[in-house]
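Asker: You'll find model-v1.txt just under this line, and it carries compact mmCIF, C-alpha atoms.
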# COMPACT_ATOMS: atom_id res chain seq x y z
CA MET A 997 217.45 -133.26 -188.34
CA ALA A 998 219.96 -133.92 -191.08
CA THR A 999 223.51 -132.63 -190.86
CA GLY A 1000 226.30 -132.50 -193.38
CA THR A 1001 229.85 -131.34 -192.68
CA HIS A 1002 232.78 -131.44 -195.06
CA THR A 1003 236.32 -130.09 -194.75
CA VAL A 1004 238.94 -129.57 -197.44
CA GLU A 1005 242.45 -128.16 -197.44
CA ILE A 1006 243.25 -125.69 -200.20
CA PRO A 1007 246.84 -124.64 -201.03
CA ILE A 1008 245.75 -120.98 -201.12
CA ASP A 1009 245.86 -118.29 -198.44
CA VAL A 1010 242.74 -117.60 -196.39
CA GLN A 1011 242.21 -114.10 -197.81
CA ALA A 1012 241.99 -115.46 -201.38
CA VAL A 1013 239.45 -118.04 -200.18
CA TRP A 1014 237.43 -115.29 -198.51
CA ASP A 1015 237.57 -113.10 -201.61
CA TYR A 1016 235.98 -115.94 -203.56
CA VAL A 1017 233.31 -117.18 -201.14
CA SER A 1018 232.22 -113.72 -200.03
CA ASP A 1019 231.00 -113.06 -203.60
CA LEU A 1020 227.90 -115.21 -203.99
CA GLU A 1021 227.83 -114.73 -207.76
CA LYS A 1022 231.18 -116.55 -208.11
CA TRP A 1023 230.05 -119.87 -206.66
CA ALA A 1024 226.23 -119.95 -206.54
CA THR A 1025 225.93 -122.15 -209.61
CA THR A 1026 228.14 -124.83 -208.00
CA VAL A 1027 225.46 -125.73 -205.43
CA PRO A 1028 224.12 -129.20 -206.31
CA ALA A 1029 220.63 -129.07 -207.89
CA TYR A 1030 220.99 -125.27 -208.35
CA LYS A 1031 218.46 -123.74 -210.71
CA GLU A 1032 218.54 -120.01 -209.90
CA HIS A 1033 218.85 -117.43 -207.15
CA GLU A 1034 217.65 -113.92 -206.49
CA ILE A 1035 219.52 -111.46 -204.30
CA ILE A 1036 217.02 -109.55 -202.14
CA ASN A 1037 219.65 -107.53 -200.27
CA GLU A 1038 223.18 -108.05 -198.92
CA LYS A 1039 221.94 -110.43 -196.19
CA GLN A 1040 219.00 -112.17 -197.86
CA SER A 1041 218.46 -114.22 -201.01
CA ILE A 1042 216.01 -116.72 -202.46
CA TRP A 1043 217.42 -119.94 -203.91
CA THR A 1044 215.65 -122.39 -206.22
CA PHE A 1045 216.81 -125.99 -206.53
CA GLU A 1046 215.52 -128.68 -208.85
CA GLY A 1047 216.30 -132.35 -208.73
CA SER A 1048 214.99 -135.88 -208.89
CA VAL A 1049 214.83 -138.42 -206.10
CA LYS A 1050 213.74 -141.93 -207.06
CA GLY A 1051 212.26 -140.64 -210.31
CA ILE A 1052 210.24 -137.87 -208.70
CA LYS A 1053 211.15 -134.39 -209.95
CA LYS A 1054 210.97 -131.68 -207.28
CA THR A 1055 211.55 -127.93 -207.22
CA ILE A 1056 212.42 -126.39 -203.85
CA GLN A 1057 212.69 -122.74 -202.92
CA ALA A 1058 214.49 -121.56 -199.81
CA GLN A 1059 215.15 -118.20 -198.24
CA VAL A 1060 218.76 -117.79 -197.09
CA ASP A 1061 219.48 -115.18 -194.42
CA ILE A 1062 223.10 -114.35 -193.58
CA THR A 1063 223.28 -114.00 -189.79
CA GLU A 1064 227.03 -113.49 -189.39
CA TRP A 1065 229.72 -112.25 -191.78
CA ASN A 1066 233.23 -112.13 -190.27
CA GLU A 1067 236.02 -111.57 -192.78
CA PRO A 1068 238.10 -113.60 -193.55
CA SER A 1069 236.93 -116.70 -191.79
CA ASN A 1070 233.27 -117.13 -190.92
CA ILE A 1071 229.83 -116.92 -192.55
CA LYS A 1072 226.69 -118.16 -190.78
CA PHE A 1073 223.26 -118.45 -192.34
CA GLU A 1074 219.71 -119.64 -191.71
CA LEU A 1075 217.43 -121.43 -194.15
CA LYS A 1076 213.65 -121.32 -194.43
CA GLY A 1077 211.68 -123.38 -196.91
CA LEU A 1078 209.32 -121.34 -199.05
CA SER A 1079 207.96 -124.21 -201.12
CA ASP A 1080 208.19 -126.88 -198.41
CA ASN A 1081 208.09 -126.88 -194.63
CA PHE A 1082 211.73 -126.99 -193.52
CA THR A 1083 214.22 -124.88 -191.62
CA GLY A 1084 217.93 -125.04 -191.24
CA SER A 1085 221.20 -123.32 -190.67
CA GLY A 1086 224.79 -123.57 -191.65
CA HIS A 1087 228.19 -122.04 -191.53
CA PHE A 1088 231.31 -121.72 -193.58
CA THR A 1089 234.72 -121.36 -191.96
CA ALA A 1090 238.15 -120.79 -193.41
CA GLU A 1091 241.23 -121.20 -191.24
CA ASP A 1092 244.84 -120.41 -192.11
CA VAL A 1093 247.10 -123.41 -191.51
CA ASN A 1094 250.73 -122.73 -192.51
CA GLY A 1095 249.83 -120.68 -195.58
CA LYS A 1096 247.11 -123.08 -196.69
CA THR A 1097 243.42 -122.83 -195.88
CA THR A 1098 241.27 -125.42 -194.15
CA MET A 1099 237.73 -124.76 -195.35
CA THR A 1100 234.71 -126.33 -193.65
CA CYS A 1101 231.05 -126.15 -194.62
CA THR A 1102 228.28 -127.39 -192.34
CA VAL A 1103 224.55 -127.50 -193.16
CA GLU A 1104 221.68 -128.64 -190.92
CA VAL A 1105 218.11 -129.07 -192.18
CA GLN A 1106 214.97 -130.14 -190.38
CA ALA A 1107 211.64 -130.91 -192.04
CA GLY A 1108 208.46 -129.92 -190.25
CA GLY A 1109 204.71 -130.25 -190.48
CA LEU A 1110 202.83 -133.17 -191.93
CA SER A 1111 205.29 -133.58 -194.80
CA GLY A 1112 208.18 -133.90 -192.34
CA ALA A 1113 207.80 -137.66 -192.03
CA VAL A 1114 208.08 -138.02 -195.80
CA LEU A 1115 210.85 -135.44 -196.27
CA THR A 1116 213.11 -136.46 -193.37
CA PRO A 1117 214.55 -139.65 -194.95
CA ILE A 1118 215.25 -137.76 -198.19
CA ILE A 1119 216.85 -134.84 -196.34
CA LYS A 1120 218.99 -137.19 -194.22
CA TRP A 1121 220.24 -138.81 -197.41
CA ALA A 1122 220.73 -135.59 -199.42
CA VAL A 1123 222.19 -133.05 -196.97
CA PRO A 1124 225.56 -134.79 -196.35
CA LYS A 1125 226.02 -135.41 -200.10
CA VAL A 1126 225.11 -131.84 -201.06
CA THR A 1127 227.41 -130.39 -198.38
CA SER A 1128 230.34 -132.52 -199.54
CA ARG A 1129 229.80 -131.77 -203.23
CA LEU A 1130 229.40 -128.05 -202.58
CA THR A 1131 232.57 -127.80 -200.49
CA GLU A 1132 234.63 -129.75 -203.03
CA SER A 1133 233.23 -127.72 -205.92
CA ILE A 1134 234.04 -124.40 -204.22
CA ALA A 1135 237.58 -125.63 -203.48
CA ARG A 1136 238.10 -126.56 -207.15
CA LYS A 1137 236.77 -123.17 -208.33
CA ILE A 1138 239.02 -121.29 -205.88
CA ALA A 1139 242.06 -123.22 -207.10
CA VAL A 1140 241.23 -122.27 -210.71
CA PHE A 1141 240.49 -118.59 -210.03
CA SER A 1142 243.39 -117.91 -207.64
Is it possible to express this structure as structure tokens?
Answerer:
Amino acid sequence: MATGTHTVEIPIDVQAVWDYVSDLEKWATTVPAYKEHEIINEKQSIWTFEGSVKGIKKTIQAQVDITEWNEPSNIKFELKGLSDNFTGSGHFTAEDVNGKTTMTCTVEVQAGGLSGAVLTPIIKWAVPKVTSRLTESIARKIAVFS
């Protein structure tokens, strides 16, 4: 299993952070390797990512299911690979600290099946980087829009 966790402090109140992250359309395009997404309903969406690793171009589709939605501080989700055999989960938290917000994003992904042995090293390399870049990108966008 690969895990990525990243925390940032934003000089903005927790409600403003929630207002931004609770609207998927505001930040979806900031996800590294993002290509497109489709909203199925308020708790489910399909995400498509495209990227290159060591010169090999790959498109990945994942179903994202929101499992918990607690305003203004907590979103939990599960991932299921549609194009590849992987599963995962993650959560986003926002905590008020003296008028600022400490925002943390955690993502865990595990490859399965026969391709798991090939995918695991790539996932272990990519997940921490993607989690860090996503968290930093969201923080920058919130600072601009607030």
Asker: Tell me which protein, DNA and RNA residues are within 10 Å of range 1104-1117 of chain A, counting all atoms listed in the file, leaving out same-chain ones fewer than 5 positions away, and put them as number ranges by chain.
Answerer: A: 997-1001, 1074-1077, 1080-1087, 1122-1124, 1127
Asker: Rounded to one decimal in Å, what is the spacing between CA of Glu1005 in chain A and CA of Glu1067 in chain A?
Answerer: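 Taking CA of Glu1005 in chain A and CA of Glu1067 in chain A, their separation equals 18.4 Å.
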Asker: Could you work out how far CA of Lys1031 in chain A lies from CA of Lys1125 in chain A, giving the answer in Å with one decimal?
Answerer: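 Distance reported for this atom pair: 17.5 Å.
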Asker: Nearest residue to Thr1097 in chain A out of A:Lys1050, A:Ala1135, A:Phe1141, A:Ile1042, using only C-alpha atoms?
Answerer: A:Ala1135
Asker: Counting only C-alpha atoms, figure out which residue out of A:Thr1098, A:Asn1070, A:Ser1018, A:Ser1079 gets nearest to Trp1043 in chain A.
Answerer: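 Counting only C-alpha atoms, the residue closest to Trp1043 in chain A is A:Ser1079.
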Asker: Please measure the separation of CA of Ala1029 in chain A and CA of Asp1009 in chain A, giving the value in Å to one decimal.
Answerer: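 About the pair CA of Ala1029 in chain A and CA of Asp1009 in chain A: they are 29.0 Å apart.
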Asker: Show me, as JSON, the centre and edge lengths in Å to one decimal of the axis-aligned box that covers every listed atom of range 1129-1138 of chain A with 6 Å on each side.
Answerer:
{"center_x": 234.2, "center_y": -126.5, "center_z": -204.4, "size_x": 21.6, "size_y": 22.5, "size_z": 19.8}
Asker: List as an mmCIF file with C-alpha atoms, in the frame of the given file: which residues have an atom within 10 Å of (238.0, -125.6, -199.7), counting only C-alpha atoms?
Answerer:
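Writing the result to point_34.cif gives the following:
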data_model
loop_
_atom_site.group_PDB
_atom_site.id
_atom_site.type_symbol
_atom_site.label_atom_id
_atom_site.label_comp_id
_atom_site.auth_asym_id
_atom_site.auth_seq_id
_atom_site.Cartn_x
_atom_site.Cartn_y
_atom_site.Cartn_z
ATOM 1 C CA HIS A 1002 232.780 -131.440 -195.060
ATOM 2 C CA THR A 1003 236.320 -130.090 -194.750
ATOM 3 C CA VAL A 1004 238.940 -129.570 -197.440
ATOM 4 C CA GLU A 1005 242.450 -128.160 -197.440
ATOM 5 C CA ILE A 1006 243.250 -125.690 -200.200
ATOM 6 C CA PRO A 1007 246.840 -124.640 -201.030
ATOM 7 C CA ILE A 1008 245.750 -120.980 -201.120
ATOM 8 C CA VAL A 1010 242.740 -117.600 -196.390
ATOM 9 C CA VAL A 1013 239.450 -118.040 -200.180
ATOM 10 C CA VAL A 1017 233.310 -117.180 -201.140
ATOM 11 C CA PHE A 1088 231.310 -121.720 -193.580
ATOM 12 C CA THR A 1089 234.720 -121.360 -191.960
ATOM 13 C CA ALA A 1090 238.150 -120.790 -193.410
ATOM 14 C CA LYS A 1096 247.110 -123.080 -196.690
ATOM 15 C CA THR A 1097 243.420 -122.830 -195.880
ATOM 16 C CA THR A 1098 241.270 -125.420 -194.150
ATOM 17 C CA MET A 1099 237.730 -124.760 -195.350
ATOM 18 C CA THR A 1100 234.710 -126.330 -193.650
ATOM 19 C CA CYS A 1101 231.050 -126.150 -194.620
ATOM 20 C CA LEU A 1130 229.400 -128.050 -202.580
ATOM 21 C CA THR A 1131 232.570 -127.800 -200.490
ATOM 22 C CA GLU A 1132 234.630 -129.750 -203.030
ATOM 23 C CA SER A 1133 233.230 -127.720 -205.920
ATOM 24 C CA ILE A 1134 234.040 -124.400 -204.220
ATOM 25 C CA ALA A 1135 237.580 -125.630 -203.480
ATOM 26 C CA ARG A 1136 238.100 -126.560 -207.150
ATOM 27 C CA LYS A 1137 236.770 -123.170 -208.330
ATOM 28 C CA ILE A 1138 239.020 -121.290 -205.880
ATOM 29 C CA ALA A 1139 242.060 -123.220 -207.100
#
Asker: Pick from A:Ser1128, A:Thr1044, A:Thr1025, A:Gln1011: nearest to Pro1068 in chain A, with only C-alpha atoms counted?
Answerer: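 Checking each candidate against Pro1068 in chain A, we get A:Gln1011 as the closest.
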